[in-house]
Amino acid sequence: TPPLVLARVEIGTAPPEGREGIFEYLLRLNATSLVHGAYGLDGDRIVLQAALEMENLDYNELEAVIAEFELAIGQQVPKIRAHATGYKA
């Protein structure tokens, strides 16, 4: 396995009940709004992460991941948190 650079942001905790709605929302975001990264679960924590191969990593690739994370944090995370708490954003 080649060395990887991991970019990761913890979004929050998945709700203990009624999780299907938030999980479906995250899957839809993965399919429609993200190119370089993906939402996932680490235990009960919702995370946004991307993995880049270090061997061929260039500045533009890293910059694209950072830009995507910035956009996701600004636009998607408030809606994710609203889904997790049951409120509409």
# chains A, B, ... in the order shown; residues from 1 in each chain; ligands from 1
call {"tool": "select_by_dssp", "arguments": {"residues": "chain A", "states": "strand (DSSP E)", "output": "ChimeraX atom specification"}}
result
/A:4-13,38-42,45-53
call {"tool": "closest_atom_pairs", "arguments": {"of": "segment 10-57 of chain A", "to": "segment 63-80 of chain A", "cutoff": "8 Å", "atoms": "only C-alpha atoms", "output": "Markdown table"}}
result
| residue | atom | partner | partner_atom | distance |
| --- | --- | --- | --- | --- |
| A:Ile11 | CA | A:Val77 | CA | 6.9 |
| A:Ile22 | CA | A:Ile80 | CA | 7.1 |
| A:Tyr25 | CA | A:Ile80 | CA | 7.7 |
| A:Leu26 | CA | A:Ile80 | CA | 7.6 |
| A:Leu34 | CA | A:Glu68 | CA | 7.3 |
| A:Val35 | CA | A:Glu68 | CA | 7.9 |
| A:His36 | CA | A:Val65 | CA | 5.9 |
| A:Gly37 | CA | A:Val65 | CA | 7.1 |
| A:Leu48 | CA | A:Phe69 | CA | 7.8 |
| A:Ala50 | CA | A:Val65 | CA | 7.3 |
call {"tool": "write_last_selection", "arguments": {"atoms": "all heavy atoms", "output": "mmCIF file, in the first residue's frame"}}
result
data_model
loop_
_atom_site.group_PDB
_atom_site.id
_atom_site.type_symbol
_atom_site.label_atom_id
_atom_site.label_comp_id
_atom_site.auth_asym_id
_atom_site.auth_seq_id
_atom_site.Cartn_x
_atom_site.Cartn_y
_atom_site.Cartn_z
ATOM 1 N N ILE A 11 -17.445 15.918 12.091
ATOM 2 C CA ILE A 11 -18.619 16.761 11.921
ATOM 3 C C ILE A 11 -19.461 16.802 13.188
ATOM 4 O O ILE A 11 -20.000 17.822 13.556
ATOM 5 C CB ILE A 11 -19.483 16.264 10.738
ATOM 6 C CG1 ILE A 11 -18.652 16.191 9.453
ATOM 7 C CG2 ILE A 11 -20.722 17.112 10.555
ATOM 8 C CD1 ILE A 11 -18.019 17.482 9.021
ATOM 9 N N ILE A 22 -30.493 10.579 8.571
ATOM 10 C CA ILE A 22 -29.191 11.248 8.457
ATOM 11 C C ILE A 22 -28.248 10.428 7.587
ATOM 12 O O ILE A 22 -27.497 10.975 6.777
ATOM 13 C CB ILE A 22 -28.562 11.562 9.836
ATOM 14 C CG1 ILE A 22 -27.291 12.385 9.697
ATOM 15 C CG2 ILE A 22 -28.246 10.320 10.616
ATOM 16 C CD1 ILE A 22 -27.504 13.794 9.316
ATOM 17 N N TYR A 25 -29.190 10.972 4.018
ATOM 18 C CA TYR A 25 -28.759 12.306 3.604
ATOM 19 C C TYR A 25 -27.255 12.332 3.305
ATOM 20 O O TYR A 25 -26.819 12.893 2.302
ATOM 21 C CB TYR A 25 -29.125 13.323 4.691
ATOM 22 C CG TYR A 25 -28.854 14.740 4.305
ATOM 23 C CD1 TYR A 25 -29.562 15.350 3.279
ATOM 24 C CD2 TYR A 25 -27.887 15.494 4.963
ATOM 25 C CE1 TYR A 25 -29.311 16.660 2.915
ATOM 26 C CE2 TYR A 25 -27.629 16.803 4.602
ATOM 27 C CZ TYR A 25 -28.350 17.382 3.582
ATOM 28 O OH TYR A 25 -28.095 18.673 3.215
ATOM 29 N N LEU A 26 -26.461 11.707 4.154
ATOM 30 C CA LEU A 26 -25.016 11.649 3.932
ATOM 31 C C LEU A 26 -24.671 10.890 2.654
ATOM 32 O O LEU A 26 -23.792 11.319 1.889
ATOM 33 C CB LEU A 26 -24.312 11.003 5.132
ATOM 34 C CG LEU A 26 -24.366 11.784 6.436
ATOM 35 C CD1 LEU A 26 -23.810 10.942 7.583
ATOM 36 C CD2 LEU A 26 -23.637 13.102 6.323
ATOM 37 N N LEU A 34 -19.931 15.652 -3.475
ATOM 38 C CA LEU A 34 -18.513 15.498 -3.157
ATOM 39 C C LEU A 34 -17.787 14.784 -4.288
ATOM 40 O O LEU A 34 -18.303 13.837 -4.877
ATOM 41 C CB LEU A 34 -18.338 14.706 -1.856
ATOM 42 C CG LEU A 34 -18.930 15.361 -0.606
ATOM 43 C CD1 LEU A 34 -18.855 14.401 0.571
ATOM 44 C CD2 LEU A 34 -18.228 16.649 -0.287
ATOM 45 N N VAL A 35 -16.580 15.248 -4.589
ATOM 46 C CA VAL A 35 -15.761 14.639 -5.629
ATOM 47 C C VAL A 35 -14.540 13.958 -5.017
ATOM 48 O O VAL A 35 -14.199 12.842 -5.371
ATOM 49 C CB VAL A 35 -15.308 15.705 -6.653
ATOM 50 C CG1 VAL A 35 -14.339 15.121 -7.665
ATOM 51 C CG2 VAL A 35 -16.502 16.334 -7.341
ATOM 52 N N HIS A 36 -13.891 14.624 -4.071
ATOM 53 C CA HIS A 36 -12.619 14.151 -3.524
ATOM 54 C C HIS A 36 -12.764 13.421 -2.197
ATOM 55 O O HIS A 36 -11.935 12.586 -1.867
ATOM 56 C CB HIS A 36 -11.658 15.324 -3.343
ATOM 57 C CG HIS A 36 -11.442 16.096 -4.604
ATOM 58 N ND1 HIS A 36 -10.676 15.619 -5.636
ATOM 59 C CD2 HIS A 36 -11.917 17.294 -5.008
ATOM 60 C CE1 HIS A 36 -10.676 16.491 -6.623
ATOM 61 N NE2 HIS A 36 -11.427 17.512 -6.277
ATOM 62 N N GLY A 37 -13.781 13.745 -1.438
ATOM 63 C CA GLY A 37 -13.945 13.169 -0.115
ATOM 64 C C GLY A 37 -15.273 12.455 0.006
ATOM 65 O O GLY A 37 -16.031 12.333 -0.965
ATOM 66 N N LEU A 48 -15.890 13.638 7.692
ATOM 67 C CA LEU A 48 -15.660 13.914 6.278
ATOM 68 C C LEU A 48 -14.187 13.647 6.057
ATOM 69 O O LEU A 48 -13.345 14.197 6.775
ATOM 70 C CB LEU A 48 -16.001 15.368 5.954
ATOM 71 C CG LEU A 48 -15.649 15.879 4.562
ATOM 72 C CD1 LEU A 48 -16.374 15.090 3.477
ATOM 73 C CD2 LEU A 48 -15.967 17.360 4.449
ATOM 74 N N ALA A 50 -10.867 12.370 3.137
ATOM 75 C CA ALA A 50 -10.328 12.087 1.805
ATOM 76 C C ALA A 50 -8.943 11.488 1.996
ATOM 77 O O ALA A 50 -8.241 11.806 2.947
ATOM 78 C CB ALA A 50 -10.236 13.359 0.976
#
call {"tool": "residues_around", "arguments": {"residues": "Asn56 of chain A", "least_positions_apart": "6", "cutoff": "12 Å", "atoms": "only C-alpha atoms", "output": "ChimeraX atom specification"}}
result
/A:2-5,62
call {"tool": "atom_distance", "arguments": {"atom1": "atom CA of Ile46 of chain A", "atom2": "atom CA of Pro16 of chain A"}}
result
12.2 Å
call {"tool": "atom_distance", "arguments": {"atom1": "atom CA of Ala82 of chain A", "atom2": "atom CA of Glu20 of chain A"}}
result
14.1 Å
call {"tool": "residues_around", "arguments": {"residues": "Arg19 of chain A", "least_positions_apart": "4", "cutoff": "12 Å", "atoms": "only C-alpha atoms", "output": "PyMOL selection string"}}
result
chain A and resi 13-15+23-26+41+44+46+80+83-86
call {"tool": "select_by_dssp", "arguments": {"residues": "chain A", "states": "helix (DSSP H, G or I)", "output": "ChimeraX atom specification"}}
result
/A:19-32,59-85
call {"tool": "atom_distance", "arguments": {"atom1": "atom CA of Gly12 of chain A", "atom2": "atom CA of Leu57 of chain A"}}
result
28.8 Å
call {"tool": "closest_residue", "arguments": {"among": "A:Leu27, A:Val47, A:Glu53, A:Asn60", "to": "Arg8 of chain A", "atoms": "only C-alpha atoms"}}
result
A:Val47
